[in-house]
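Structure file run00.txt; described as compact mmCIF, C-alpha atoms and all ligand atoms.
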# COMPACT_ATOMS: atom_id res chain seq x y z
CA MET A 219 0.00 0.00 0.00
CA THR A 220 2.94 2.34 -0.10
CA GLN A 221 3.64 2.19 -3.81
CA PRO A 222 3.71 5.45 -5.79
CA GLY A 223 0.39 6.05 -7.48
CA GLU A 224 -1.57 4.53 -4.63
CA ALA A 225 -3.45 6.71 -2.19
CA PHE A 226 -0.65 6.51 0.38
CA HIS A 227 2.91 6.48 -0.81
CA ARG A 228 6.40 7.49 0.28
CA ARG A 229 8.43 10.41 -0.98
CA ASP A 230 11.90 10.85 0.48
CA GLY A 231 11.07 8.67 3.45
CA GLN A 232 7.86 10.57 4.25
CA LEU A 233 4.38 9.12 3.93
CA TRP A 234 1.99 11.15 1.79
CA CYS A 235 -1.68 10.97 0.87
CA GLU A 236 -1.99 12.08 -2.75
CA GLY A 237 -0.15 15.43 -2.82
CA VAL A 238 -0.06 16.09 0.92
CA PRO A 239 2.44 14.88 3.53
CA LEU A 240 0.67 13.18 6.43
CA ALA A 241 2.90 15.09 8.84
CA ALA A 242 1.34 18.34 7.60
CA ILE A 243 -2.13 16.94 8.23
CA ALA A 244 -1.17 15.98 11.80
CA ASP A 245 0.21 19.49 12.38
CA ARG A 246 -2.95 21.13 11.13
CA PHE A 247 -5.69 18.83 12.44
CA GLY A 248 -4.04 16.99 15.32
CA THR A 249 -4.29 13.26 15.97
CA PRO A 250 -5.95 10.80 15.88
CA THR A 251 -7.33 11.73 12.46
CA TYR A 252 -8.78 9.66 9.66
CA VAL A 253 -7.34 10.68 6.30
CA TYR A 254 -9.15 9.75 3.09
CA SER A 255 -8.07 10.04 -0.53
CA ARG A 256 -10.70 11.34 -2.89
CA ALA A 257 -8.93 9.86 -5.93
CA SER A 258 -8.83 6.43 -4.33
CA ILE A 259 -12.55 6.40 -3.53
CA GLU A 260 -13.50 7.65 -6.97
CA GLY A 261 -11.10 5.24 -8.63
CA ALA A 262 -12.47 2.25 -6.74
CA PHE A 263 -16.04 3.17 -7.61
CA ALA A 264 -15.07 3.72 -11.24
CA ALA A 265 -13.64 0.18 -11.39
CA TYR A 266 -17.06 -1.22 -10.52
CA ALA A 267 -18.83 1.15 -12.90
CA ALA A 268 -16.45 0.27 -15.75
CA ALA A 269 -16.92 -3.47 -15.22
CA LEU A 270 -20.69 -2.95 -15.55
CA HIS A 271 -20.49 -0.49 -18.43
CA GLY A 272 -23.05 -1.08 -21.16
CA ARG A 273 -25.33 -3.04 -18.83
CA ALA A 274 -28.44 -2.15 -16.97
CA ALA A 275 -26.70 -2.07 -13.61
CA LEU A 276 -26.46 -0.21 -10.33
CA VAL A 277 -23.71 -0.14 -7.73
CA CYS A 278 -25.25 0.41 -4.31
CA TYR A 279 -22.35 1.38 -2.06
CA ALA A 280 -22.78 -0.35 1.33
CA MET A 281 -22.50 2.80 3.39
CA LYS A 282 -22.00 1.03 6.70
CA ALA A 283 -18.36 0.82 5.65
CA ASN A 284 -17.96 4.60 5.83
CA SER A 285 -20.94 6.92 6.01
CA ASN A 286 -19.25 10.32 6.20
CA LEU A 287 -21.34 12.76 4.18
CA ALA A 288 -18.36 13.79 2.05
CA VAL A 289 -17.75 10.18 1.06
CA LEU A 290 -21.42 9.64 0.26
CA ASN A 291 -21.61 12.87 -1.69
CA LEU A 292 -18.64 11.99 -3.91
CA LEU A 293 -20.15 8.59 -4.63
CA ALA A 294 -23.58 10.06 -5.29
CA ARG A 295 -21.98 12.47 -7.79
CA ALA A 296 -20.35 9.47 -9.47
CA GLY A 297 -23.79 7.87 -9.90
CA SER A 298 -23.72 5.45 -6.99
CA GLY A 299 -26.76 4.09 -5.24
CA PHE A 300 -26.64 3.05 -1.60
CA ASP A 301 -27.20 -0.09 0.41
CA ILE A 302 -28.62 1.03 3.74
CA VAL A 303 -29.44 -0.83 6.95
CA SER A 304 -31.20 1.79 9.05
CA GLY A 305 -33.31 4.92 8.98
CA GLY A 306 -30.22 6.79 10.09
CA GLU A 307 -28.38 5.71 6.96
CA LEU A 308 -31.33 6.79 4.80
CA ALA A 309 -31.21 10.22 6.43
CA ARG A 310 -27.49 10.42 5.62
CA VAL A 311 -28.12 9.56 1.96
CA ILE A 312 -30.62 12.41 1.77
CA ALA A 313 -28.32 14.81 3.63
CA ALA A 314 -25.48 13.93 1.26
CA GLY A 315 -27.56 14.62 -1.83
CA GLY A 316 -27.93 10.96 -2.80
CA ASP A 317 -30.77 9.67 -4.96
CA THR A 318 -33.17 7.71 -2.74
CA ARG A 319 -34.57 5.94 -5.79
CA LYS A 320 -31.20 4.19 -5.98
CA VAL A 321 -31.38 2.89 -2.39
CA VAL A 322 -31.78 -0.74 -1.36
CA PHE A 323 -32.69 -1.38 2.26
CA SER A 324 -31.03 -4.45 3.80
CA GLY A 325 -31.09 -5.79 7.34
CA VAL A 326 -32.96 -8.30 9.50
CA GLY A 327 -34.63 -5.85 11.86
CA LYS A 328 -36.21 -2.96 10.01
CA THR A 329 -38.79 -1.16 12.13
CA GLU A 330 -42.21 0.08 10.97
CA ARG A 331 -41.02 3.63 11.31
CA GLU A 332 -37.95 2.97 9.16
CA ILE A 333 -40.05 1.20 6.56
CA ALA A 334 -42.52 4.10 6.44
CA ARG A 335 -39.73 6.63 5.93
CA ALA A 336 -38.14 4.52 3.20
CA LEU A 337 -41.48 4.15 1.42
CA ALA A 338 -42.01 7.89 1.53
CA ALA A 339 -38.52 8.35 0.08
CA GLU A 340 -39.49 5.99 -2.78
CA ILE A 341 -36.45 3.76 -2.39
CA LEU A 342 -35.66 1.20 -5.08
CA CYS A 343 -36.36 -1.83 -2.96
CA PHE A 344 -36.58 -3.52 0.43
CA ASN A 345 -34.41 -6.61 0.71
CA LEU A 346 -36.69 -8.81 2.80
CA GLU A 347 -35.24 -11.22 5.30
CA SER A 348 -38.31 -12.96 6.79
CA VAL A 349 -42.04 -13.66 6.50
CA ALA A 350 -42.64 -11.35 9.44
CA GLU A 351 -40.85 -8.56 7.64
CA LEU A 352 -42.88 -9.10 4.45
CA GLU A 353 -46.06 -8.82 6.50
CA MET A 354 -44.77 -5.70 8.21
CA VAL A 355 -43.91 -4.04 4.90
CA GLU A 356 -47.35 -4.91 3.49
CA ARG A 357 -49.00 -3.41 6.57
CA VAL A 358 -47.01 -0.18 6.47
CA ALA A 359 -47.44 0.18 2.71
CA ALA A 360 -51.20 -0.34 3.00
CA ALA A 361 -51.43 2.28 5.74
CA SER A 362 -49.70 4.85 3.56
CA GLY A 363 -51.47 3.88 0.36
CA ARG A 364 -48.25 2.89 -1.38
CA ARG A 365 -46.79 -0.19 -3.01
CA ALA A 366 -43.46 -1.39 -1.74
CA ARG A 367 -40.90 -2.81 -4.16
CA VAL A 368 -39.24 -5.88 -2.65
CA SER A 369 -36.53 -8.45 -3.16
CA VAL A 370 -35.94 -11.49 -1.03
CA ARG A 371 -32.51 -11.79 0.46
CA VAL A 372 -31.74 -15.44 -0.06
CA ASN A 373 -29.38 -17.27 2.18
CA PRO A 374 -27.66 -19.46 -0.40
CA ASP A 375 -25.83 -21.53 2.23
CA VAL A 376 -22.44 -20.90 0.70
CA ASP A 377 -19.26 -20.77 2.74
CA PRO A 378 -17.43 -17.54 1.89
CA LYS A 379 -14.37 -18.81 3.81
CA THR A 380 -14.00 -15.69 5.88
CA HIS A 381 -14.08 -14.69 9.56
CA PRO A 382 -17.16 -16.16 11.31
CA TYR A 383 -18.29 -12.69 12.48
CA ILE A 384 -18.49 -11.47 8.90
CA SER A 385 -19.82 -14.50 7.02
CA THR A 386 -23.50 -14.02 6.47
CA GLY A 387 -24.61 -16.61 3.92
CA LEU A 388 -24.42 -19.80 5.97
CA ARG A 389 -27.52 -21.59 7.25
CA SER A 390 -26.47 -20.87 10.81
CA ASN A 391 -26.37 -17.09 10.25
CA LYS A 392 -29.25 -14.81 11.17
CA PHE A 393 -29.25 -13.33 7.69
CA GLY A 394 -31.47 -13.99 4.73
CA VAL A 395 -34.25 -16.45 4.03
CA ALA A 396 -33.38 -20.14 3.99
CA TYR A 397 -33.06 -21.37 0.45
CA GLU A 398 -35.97 -23.78 0.64
CA ASP A 399 -38.25 -21.12 2.15
CA THR A 400 -37.63 -18.66 -0.65
CA LEU A 401 -40.23 -19.77 -3.19
CA PRO A 402 -43.09 -19.87 -0.66
CA LEU A 403 -42.14 -16.36 0.48
CA TYR A 404 -42.17 -15.06 -3.10
CA ARG A 405 -45.56 -16.70 -3.70
CA GLN A 406 -46.94 -14.99 -0.62
CA ALA A 407 -45.38 -11.66 -1.64
CA ALA A 408 -46.82 -11.89 -5.16
CA ARG A 409 -50.33 -12.16 -3.72
CA LEU A 410 -50.14 -9.12 -1.46
CA PRO A 411 -51.79 -5.97 -2.83
CA HIS A 412 -49.22 -3.46 -1.57
CA ILE A 413 -46.14 -5.42 -2.56
CA GLU A 414 -44.41 -5.40 -5.92
CA VAL A 415 -41.84 -8.15 -6.37
CA VAL A 416 -38.90 -6.71 -8.29
CA GLY A 417 -35.74 -8.61 -7.48
CA ILE A 418 -33.66 -11.16 -5.68
CA ASP A 419 -30.70 -10.51 -3.44
CA CYS A 420 -27.92 -12.22 -1.53
CA HIS A 421 -24.86 -11.27 0.46
CA ILE A 422 -22.69 -14.12 1.61
CA GLY A 423 -20.14 -12.30 3.68
CA SER A 424 -17.33 -9.84 3.79
CA ARG A 425 -13.61 -10.13 3.05
CA ILE A 426 -14.23 -12.62 0.28
CA ALA A 427 -10.95 -13.18 -1.50
CA GLU A 428 -12.04 -15.58 -4.25
CA VAL A 429 -14.49 -15.59 -7.13
CA ALA A 430 -15.65 -19.17 -6.53
CA PRO A 431 -18.04 -18.63 -3.57
CA TYR A 432 -19.70 -15.79 -5.50
CA LEU A 433 -20.27 -18.02 -8.50
CA GLU A 434 -21.70 -20.74 -6.31
CA ALA A 435 -24.10 -18.24 -4.76
CA ALA A 436 -24.90 -16.76 -8.18
CA ASP A 437 -25.84 -20.16 -9.58
CA ARG A 438 -28.11 -20.89 -6.66
CA LEU A 439 -29.74 -17.49 -7.10
CA LEU A 440 -30.22 -18.05 -10.83
CA ASP A 441 -31.86 -21.42 -10.10
CA LEU A 442 -34.41 -19.54 -8.03
CA VAL A 443 -34.91 -16.91 -10.72
CA ASP A 444 -35.70 -19.72 -13.17
CA ALA A 445 -38.08 -21.40 -10.74
CA LEU A 446 -39.86 -18.10 -10.10
CA GLU A 447 -40.25 -17.40 -13.78
CA ARG A 448 -41.80 -20.84 -14.30
CA GLU A 449 -44.43 -19.76 -11.78
CA GLY A 450 -45.02 -16.48 -13.56
CA ILE A 451 -43.11 -14.34 -11.04
CA GLY A 452 -40.76 -12.24 -13.14
CA LEU A 453 -37.92 -10.25 -11.63
CA SER A 454 -36.30 -7.13 -12.99
CA HIS A 455 -33.08 -7.18 -11.00
CA ILE A 456 -30.54 -9.51 -9.42
CA ASP A 457 -28.38 -8.22 -6.54
CA PHE A 458 -25.20 -10.18 -5.91
CA GLY A 459 -24.29 -8.37 -2.71
CA GLY A 460 -20.93 -7.02 -1.72
CA GLY A 461 -18.04 -8.48 0.15
CA LEU A 462 -14.94 -8.21 -2.01
CA ASP A 463 -11.80 -8.13 0.13
CA ILE A 464 -8.93 -5.66 -0.10
CA ARG A 465 -5.22 -6.10 0.46
CA TYR A 466 -4.49 -5.49 4.12
CA ARG A 467 -1.23 -7.47 4.14
CA ASP A 468 -0.61 -9.99 1.39
CA GLU A 469 -4.14 -10.90 0.33
CA THR A 470 -4.70 -11.02 -3.42
CA PRO A 471 -8.44 -10.51 -3.91
CA PRO A 472 -9.77 -10.38 -7.45
CA ALA A 473 -10.32 -6.95 -8.99
CA PRO A 474 -13.96 -5.90 -9.42
CA ALA A 475 -13.61 -6.45 -13.18
CA GLU A 476 -12.59 -10.07 -12.68
CA LEU A 477 -15.39 -10.79 -10.22
CA ILE A 478 -18.07 -9.00 -12.21
CA GLY A 479 -16.88 -10.46 -15.53
CA ALA A 480 -17.20 -13.98 -14.13
CA ILE A 481 -20.65 -13.34 -12.66
CA LEU A 482 -21.96 -11.65 -15.80
CA ALA A 483 -20.77 -14.61 -17.87
CA HIS A 484 -22.93 -16.90 -15.71
CA VAL A 485 -25.87 -14.54 -15.89
CA ASP A 486 -25.64 -14.35 -19.68
CA ALA A 487 -25.08 -18.07 -20.15
CA ARG A 488 -28.25 -18.71 -18.24
CA GLY A 489 -30.29 -16.29 -20.28
CA HIS A 490 -30.73 -13.50 -17.74
CA GLY A 491 -28.52 -10.91 -19.41
CA GLY A 492 -31.44 -8.52 -19.79
CA LYS A 493 -31.95 -8.08 -16.07
CA THR A 494 -30.54 -5.18 -14.09
CA ILE A 495 -27.50 -6.25 -12.09
CA LEU A 496 -26.79 -4.83 -8.65
CA PHE A 497 -23.72 -5.01 -6.42
CA GLU A 498 -23.38 -3.74 -2.85
CA PRO A 499 -19.67 -3.25 -2.23
CA GLY A 500 -18.49 -1.42 0.86
CA ARG A 501 -14.96 -2.25 1.96
CA SER A 502 -13.45 -2.41 -1.53
CA VAL A 503 -14.73 1.09 -2.36
CA VAL A 504 -13.38 2.94 0.68
CA GLY A 505 -11.00 0.63 2.56
CA PRO A 506 -7.77 1.38 0.68
CA ALA A 507 -8.64 5.10 0.60
CA GLY A 508 -8.27 5.65 4.32
CA ALA A 509 -5.57 5.78 6.98
CA LEU A 510 -5.80 6.45 10.69
CA LEU A 511 -3.12 8.91 11.63
CA THR A 512 -1.94 8.61 15.23
CA ARG A 513 0.94 9.80 17.40
CA VAL A 514 3.10 7.72 19.73
CA ASN A 515 2.55 9.05 23.22
CA ILE A 516 4.51 6.65 25.40
CA VAL A 517 7.14 4.04 24.64
CA LYS A 518 6.79 1.41 27.33
CA GLU A 519 9.19 -1.43 27.87
CA GLY A 520 7.12 -4.11 29.58
CA ALA A 521 8.23 -7.28 31.34
CA GLU A 522 7.69 -9.45 28.31
CA LYS A 523 6.75 -7.05 25.56
CA ASN A 524 7.43 -3.55 24.35
CA PHE A 525 4.52 -1.24 23.71
CA LEU A 526 3.98 1.84 21.65
CA VAL A 527 1.09 3.56 23.38
CA VAL A 528 -0.49 5.76 20.73
CA ASP A 529 -3.28 8.34 20.91
CA ALA A 530 -5.70 6.23 18.82
CA ALA A 531 -7.43 3.27 20.43
CA MET A 532 -9.96 0.52 20.01
CA ASN A 533 -12.74 3.10 20.20
CA ASP A 534 -11.34 4.67 17.02
CA LEU A 535 -10.56 1.44 15.19
CA ILE A 536 -12.08 -1.71 16.60
CA ARG A 537 -11.23 -4.17 13.83
CA PRO A 538 -8.11 -5.61 15.50
CA ALA A 539 -9.88 -6.11 18.86
CA LEU A 540 -13.08 -7.46 17.35
CA TYR A 541 -11.84 -9.64 14.50
CA ASP A 542 -8.20 -10.12 15.35
CA ALA A 543 -7.67 -8.11 12.16
CA TRP A 544 -4.15 -7.37 10.90
CA MET A 545 -3.78 -3.72 9.91
CA ASP A 546 -0.66 -2.29 8.29
CA VAL A 547 1.14 0.16 10.58
CA GLN A 548 3.61 2.47 8.88
CA PRO A 549 5.85 5.13 10.40
CA VAL A 550 4.99 8.46 8.80
CA ALA A 551 8.70 9.35 8.68
CA LEU A 552 11.24 6.58 8.28
CA ARG A 553 13.84 6.79 11.01
CA ASP A 554 17.36 5.42 11.04
CA GLY A 555 18.37 3.22 13.89
CA PRO A 556 17.50 -0.20 15.20
CA THR A 557 13.98 -1.54 15.08
CA ARG A 558 12.34 -3.25 18.04
CA VAL A 559 9.30 -5.42 18.15
CA TYR A 560 6.30 -3.57 19.56
CA ASP A 561 2.64 -4.02 20.22
CA VAL A 562 0.87 -0.85 19.14
CA VAL A 563 -1.82 -0.17 21.74
CA GLY A 564 -4.16 2.61 22.79
CA PRO A 565 -4.80 4.15 26.20
CA VAL A 566 -8.19 2.46 26.75
CA CYS A 567 -8.52 0.34 29.88
CA GLU A 568 -8.92 -3.04 28.18
CA SER A 569 -6.32 -5.62 27.29
CA GLY A 570 -8.23 -5.92 24.03
CA ASP A 571 -7.22 -2.37 23.19
CA TRP A 572 -4.55 -3.11 20.66
CA LEU A 573 -4.14 -1.95 17.07
CA ALA A 574 -1.24 -4.12 15.96
CA ARG A 575 0.91 -6.82 17.53
CA GLU A 576 4.55 -7.76 17.25
CA ARG A 577 5.60 -5.21 14.67
CA PRO A 578 9.23 -4.38 14.07
CA LEU A 579 9.35 -0.58 14.21
CA ALA A 580 11.90 2.12 14.87
CA ALA A 581 9.85 4.65 16.79
CA GLN A 582 10.10 7.20 19.56
CA ALA A 583 7.59 9.17 21.59
CA GLY A 584 6.15 11.93 19.43
CA ASP A 585 6.48 9.97 16.18
CA LEU A 586 3.51 9.68 13.84
CA LEU A 587 2.17 6.33 12.66
CA ALA A 588 -0.36 5.65 9.93
CA ILE A 589 -2.65 2.63 10.06
CA LEU A 590 -3.42 1.88 6.44
CA GLY A 591 -6.47 0.26 4.90
CA ALA A 592 -8.61 1.96 7.53
CA GLY A 593 -11.12 3.68 5.25
CA ALA A 594 -13.73 0.96 5.76
CA TYR A 595 -15.26 -0.01 9.12
CA GLY A 596 -12.95 2.40 10.91
CA MET A 597 -14.74 5.62 11.77
CA SER A 598 -18.14 4.04 11.07
CA MET A 599 -17.58 1.63 13.98
CA ALA A 600 -15.97 4.18 16.30
CA SER A 601 -17.38 4.82 19.76
CA ASN A 602 -16.82 7.17 22.68
CA TYR A 603 -15.68 4.45 25.08
CA ASN A 604 -13.59 5.87 27.93
CA SER A 605 -15.14 9.27 27.10
CA ARG A 606 -12.86 9.68 24.16
CA PRO A 607 -14.03 12.20 21.57
CA ARG A 608 -14.09 10.62 18.13
CA ALA A 609 -11.29 11.42 15.70
CA ALA A 610 -11.41 14.14 13.07
CA GLU A 611 -11.83 13.08 9.43
CA VAL A 612 -10.18 14.83 6.51
CA MET A 613 -10.37 14.27 2.77
CA VAL A 614 -7.35 14.89 0.57
CA ASP A 615 -7.99 16.03 -2.98
CA GLY A 616 -4.73 16.47 -4.85
CA ASP A 617 -2.74 18.95 -2.79
CA ARG A 618 -5.73 20.21 -0.82
CA VAL A 619 -7.11 18.93 2.48
CA TYR A 620 -10.71 19.35 3.61
CA GLU A 621 -11.92 18.69 7.13
CA VAL A 622 -15.01 16.55 6.56
CA ARG A 623 -15.75 15.95 10.24
CA ARG A 624 -14.21 17.98 12.96
CA ARG A 625 -12.96 16.33 16.10
CA GLU A 626 -15.62 16.00 18.80
CA THR A 627 -15.16 17.98 21.98
CA VAL A 628 -15.42 16.37 25.39
CA GLU A 629 -18.37 18.64 26.23
CA GLU A 630 -20.27 17.25 23.26
CA LEU A 631 -19.95 13.77 24.70
CA TYR A 632 -22.24 14.56 27.61
CA ALA A 633 -24.28 17.37 26.09
CA LEU A 634 -27.36 15.12 25.87
CA GLU A 635 -27.14 13.94 29.47
CA SER A 636 -28.72 15.40 32.58
CA THR A 637 -28.65 14.79 36.30
CA LEU A 638 -31.59 14.11 38.61
CA PRO A 639 -33.25 17.06 40.39
N1 LIG A 701 -24.41 -5.78 1.73
C1 LIG A 701 -24.81 -6.25 2.92
C2 LIG A 701 -26.19 -6.71 3.07
C3 LIG A 701 -23.90 -6.32 3.99
O1 LIG A 701 -24.32 -6.80 5.16
C4 LIG A 701 -22.58 -5.87 3.83
C5 LIG A 701 -21.61 -5.91 4.93
C6 LIG A 701 -22.21 -5.35 2.57
C7 LIG A 701 -23.15 -5.33 1.54
C8 LIG A 701 -20.83 -4.83 2.27
O2 LIG A 701 -19.82 -5.77 2.45
P1 LIG A 701 -18.30 -5.37 2.09
O3 LIG A 701 -18.24 -5.12 0.60
O4 LIG A 701 -17.99 -4.15 2.86
O5 LIG A 701 -17.51 -6.52 2.51
N2 LIG A 701 -17.22 -4.72 10.25
C9 LIG A 701 -16.67 -5.83 9.50
C10 LIG A 701 -17.40 -6.05 8.21
C11 LIG A 701 -18.90 -6.27 8.39
C12 LIG A 701 -19.62 -6.43 7.07
C13 LIG A 701 -21.10 -6.44 7.26
N3 LIG A 701 -21.88 -6.44 6.06
C14 LIG A 701 -15.18 -5.58 9.30
O6 LIG A 701 -14.69 -4.55 9.76
O7 LIG A 701 -14.48 -6.41 8.74

Once you've parsed the file, please lay out its structure as structure tokens.
Amino acid sequence: MTQPGEAFHRRDGQLWCEGVPLAAIADRFGTPTYVYSRASIEGAFAAYAAALHGRAALVCYAMKANSNLAVLNLLARAGSGFDIVSGGELARVIAAGGDTRKVVFSGVGKTEREIARALAAEILCFNLESVAELEMVERVAAASGRRARVSVRVNPDVDPKTHPYISTGLRSNKFGVAYEDTLPLYRQAARLPHIEVVGIDCHIGSRIAEVAPYLEAADRLLDLVDALEREGIGLSHIDFGGGLDIRYRDETPPAPAELIGAILAHVDARGHGGKTILFEPGRSVVGPAGALLTRVNIVKEGAEKNFLVVDAAMNDLIRPALYDAWMDVQPVALRDGPTRVYDVVGPVCESGDWLARERPLAAQAGDLLAILGAGAYGMSMASNYNSRPRAAEVMVDGDRVYEVRRRETVEELYALESTLP
């Protein structure tokens, strides 16, 4: 991730984002700060768009990966739709100037209120996950005199071979409708007066590094499309979900063009080339575009281990603590001198508060580090644990830097609280 031409690269030993040295960003905005590259986000989206060029297709960016308004706005300008999972995410799409008619609503626990808002916003479709949800959508649509467009999110029972917390298409997961229950659910949906069946959907997991599980899921989905058509239930779109991995360390995930090319070949071979194709990528659009910039506060030589205690913590970036995720930690300025092996940890009072383990680094107190590949599921999963204000976020565009979320103040953390009389 530090090659020239990529979002983050080295010039004369210094780490830069596009045309700006990270050290200058730390000076101006402080640390911890998330730094995003506009060119990287737009380039990643363009790779999906190019692979689908000439097709009826829509990329619905899975905004849970990074829902900063500036990120959403750039993607909306590029023509992206959005995969949302809450009313809060819908509100963000609207605030960012996104087109709600390009929104698909995923998730197992939509509330009546969220469904009503989404109907009023005329979203493209609800991805249904249960009979109870279908009945709820029918009820809410009837009450507002509307018809809801729906897809069924099928659980294709395919092993994506990824971390158990982020695989979603196995029978044991809470997600989707069991394969054998799908046709009965479609039949029921097709009979309801306020429901319009428009598509089919799946999402088998995240951090998928191979094409094969996608093709397996695609074939199972296409079997259902055929079966539905035999019953006179025609669909206008097929949504293959998201989940493509990025390179955190030495992973070699397929490029969007390779994945999409392979899936489209199956779709065409099976005679469904006329249908609109949807994808819901999150991580692969924003992950490589972001770094978490942090400063070493304390160098601590422990009994068995050495620690770099930095000013970012698990509340800023929870992926290592939650998934045992390996994130690339780079010194912002290369320093001469011997390296030592360190655990990079935050100040939070939990042993799980670590960002990287056993990394050979030459670092001193006051040095800046950049945690790369942090554009996805970084800030969007951040919390205020230990009463830590969340980090600032900045977007680099060439040689300019824009603050796209200022750092929270401590006072803001308890501004909504009150004491008893
Ligand atoms: N569509 C649906 C319905 C999803 O649930 C997800 C992610 C996506 C699309 C986008 O998947 P992606 O392209 O980003 O892999 N916090 C975890 C990842 C959780 C993914 C949840 N669903 C992490 O940091 O690794």

Each residue of region 410-520 of chain A with at least one atom at most 10 Å from region 609-614 of chain A should appear once, together with its nearest atom pair and the corresponding distance in Å (one decimal); atoms considered: all atoms listed in the file; ordering: chain, then increasing residue number; output as a tab-separated table.
residue	atom	partner	partner_atom	distance
A:Ala507	CA	A:Met613	CA	9.6
A:Gly508	CA	A:Met613	CA	9.0
A:Ala509	CA	A:Glu611	CA	9.9
A:Leu510	CA	A:Ala609	CA	8.9
A:Leu511	CA	A:Ala609	CA	9.5
A:Thr512	CA	A:Ala609	CA	9.8

Q.
Need the shell around region 289-302 of chain A: protein/DNA/RNA residues with any atom at most 7 Å away, counting only C-alpha atoms. Skip same-chain ones fewer than 5 positions apart. Format as a list in words?
A. Leu276, Val277, Cys278, Tyr279, Ala280, Met281, Glu307, Leu308, Val311, Ala314, Gly315, Gly316, Asp317, Lys320, Val321, Val322, Phe323, Ser324 and Glu498 of chain A

Q: Produce as a ChimeraX atom specification the set of residues near ligand LIG 701 (chain A), where near means within 7 Å with all atoms listed in the file considered.
A: /A:280,283,301,324-325,384,421,423-425,459-463,498-502,537,594-595

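We find CA of Ile422 (chain A) and CA of Gly479 (chain A) to be spaced 18.5 Å apart.
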
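Of the listed residues (A:Gly272, A:Pro578, A:Gly306, A:Gly248), A:Gly248 comes nearest to Asp529 (chain A); the distances count all atoms listed in the file.
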
Q.
Here is a test: counting all atoms listed in the file, which residue of A:Val550, A:Thr627, A:Glu635, A:Gly570 is nearest to Gln232 (chain A)?
A. A:Val550

Q. Within 6 Å of (-33.3, -9.9, -15.0), in the coordinates the file gives, what residues turn up when you count all atoms listed in the file, written out as number ranges by chain?
A. A: 453-455, 490, 492-494

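Note that the spacing between CA of Glu428 (chain A) and CA of Ala445 (chain A) amounts to 27.5 Å.
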
Q. Could you name the residues that touch region 468-478 of chain A at 8 Å or less, counting all atoms listed in the file, but leaving out those on the same chain fewer than 2 positions away, as a ChimeraX atom specification?
A. /A:265-266,268-270,426-429,462-466,480-482

Q. How many Å separate CA of Val358 (chain A) from CA of Leu287 (chain A)?
A. 28.8 Å

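Minimum distance to Met545 (chain A) across A:Ala262, A:Ala574, A:Ala435, A:Cys343 (counting all atoms listed in the file) occurs at A:Ala574.
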
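All residues of protein, DNA or RNA that reach within 12 Å of region 565-568 of chain A, judged by only C-alpha atoms and not counting those fewer than 3 positions away in the chain, are Arg513, Val514, Asn515, Ile516, Lys518, Phe525, Leu526, Val527, Val528, Asp529, Ala530, Ala531, Met532, Asn533, Asp534, Leu535, Ile536, Ala539, Val562, Asp571, Trp572, Leu573, Ser601, Asn602, Tyr603, Asn604, Ser605 and Arg606 of chain A.
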
Residue completion, region 572-582 of chain A, N, CA and C atoms, as a PDB file, in the coordinates of the input:
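Once written, result24.pdb looks like this:
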ATOM      1  N   TRP A 572      -5.799  -3.090  21.425  1.00  0.00           N
ATOM      2  CA  TRP A 572      -4.550  -3.110  20.660  1.00  0.00           C
ATOM      3  C   TRP A 572      -4.897  -2.832  19.202  1.00  0.00           C
ATOM      4  N   LEU A 573      -3.936  -2.276  18.481  1.00  0.00           N
ATOM      5  CA  LEU A 573      -4.140  -1.950  17.070  1.00  0.00           C
ATOM      6  C   LEU A 573      -3.270  -2.818  16.179  1.00  0.00           C
ATOM      7  N   ALA A 574      -2.138  -3.246  16.721  1.00  0.00           N
ATOM      8  CA  ALA A 574      -1.240  -4.120  15.960  1.00  0.00           C
ATOM      9  C   ALA A 574      -0.343  -4.835  16.958  1.00  0.00           C
ATOM     10  N   ARG A 575       0.070  -6.047  16.612  1.00  0.00           N
ATOM     11  CA  ARG A 575       0.910  -6.820  17.530  1.00  0.00           C
ATOM     12  C   ARG A 575       2.194  -7.256  16.860  1.00  0.00           C
ATOM     13  N   GLU A 576       3.264  -7.228  17.665  1.00  0.00           N
ATOM     14  CA  GLU A 576       4.550  -7.760  17.250  1.00  0.00           C
ATOM     15  C   GLU A 576       5.017  -7.192  15.914  1.00  0.00           C
ATOM     16  N   ARG A 577       5.141  -5.874  15.883  1.00  0.00           N
ATOM     17  CA  ARG A 577       5.600  -5.210  14.670  1.00  0.00           C
ATOM     18  C   ARG A 577       7.003  -4.656  14.886  1.00  0.00           C
ATOM     19  N   PRO A 578       7.901  -4.984  13.985  1.00  0.00           N
ATOM     20  CA  PRO A 578       9.230  -4.380  14.070  1.00  0.00           C
ATOM     21  C   PRO A 578       9.152  -2.913  13.625  1.00  0.00           C
ATOM     22  N   LEU A 579       9.449  -2.007  14.535  1.00  0.00           N
ATOM     23  CA  LEU A 579       9.350  -0.580  14.210  1.00  0.00           C
ATOM     24  C   LEU A 579      10.502   0.160  14.890  1.00  0.00           C
ATOM     25  N   ALA A 580      10.964   1.198  14.218  1.00  0.00           N
ATOM     26  CA  ALA A 580      11.900   2.120  14.870  1.00  0.00           C
ATOM     27  C   ALA A 580      11.070   3.347  15.196  1.00  0.00           C
ATOM     28  N   ALA A 581      10.733   3.536  16.456  1.00  0.00           N
ATOM     29  CA  ALA A 581       9.850   4.650  16.790  1.00  0.00           C
ATOM     30  C   ALA A 581      10.200   5.236  18.140  1.00  0.00           C
ATOM     31  N   GLN A 582       9.890   6.505  18.285  1.00  0.00           N
ATOM     32  CA  GLN A 582      10.100   7.200  19.560  1.00  0.00           C
ATOM     33  C   GLN A 582       8.839   7.972  19.907  1.00  0.00           C
TER      34      GLN A 582
END
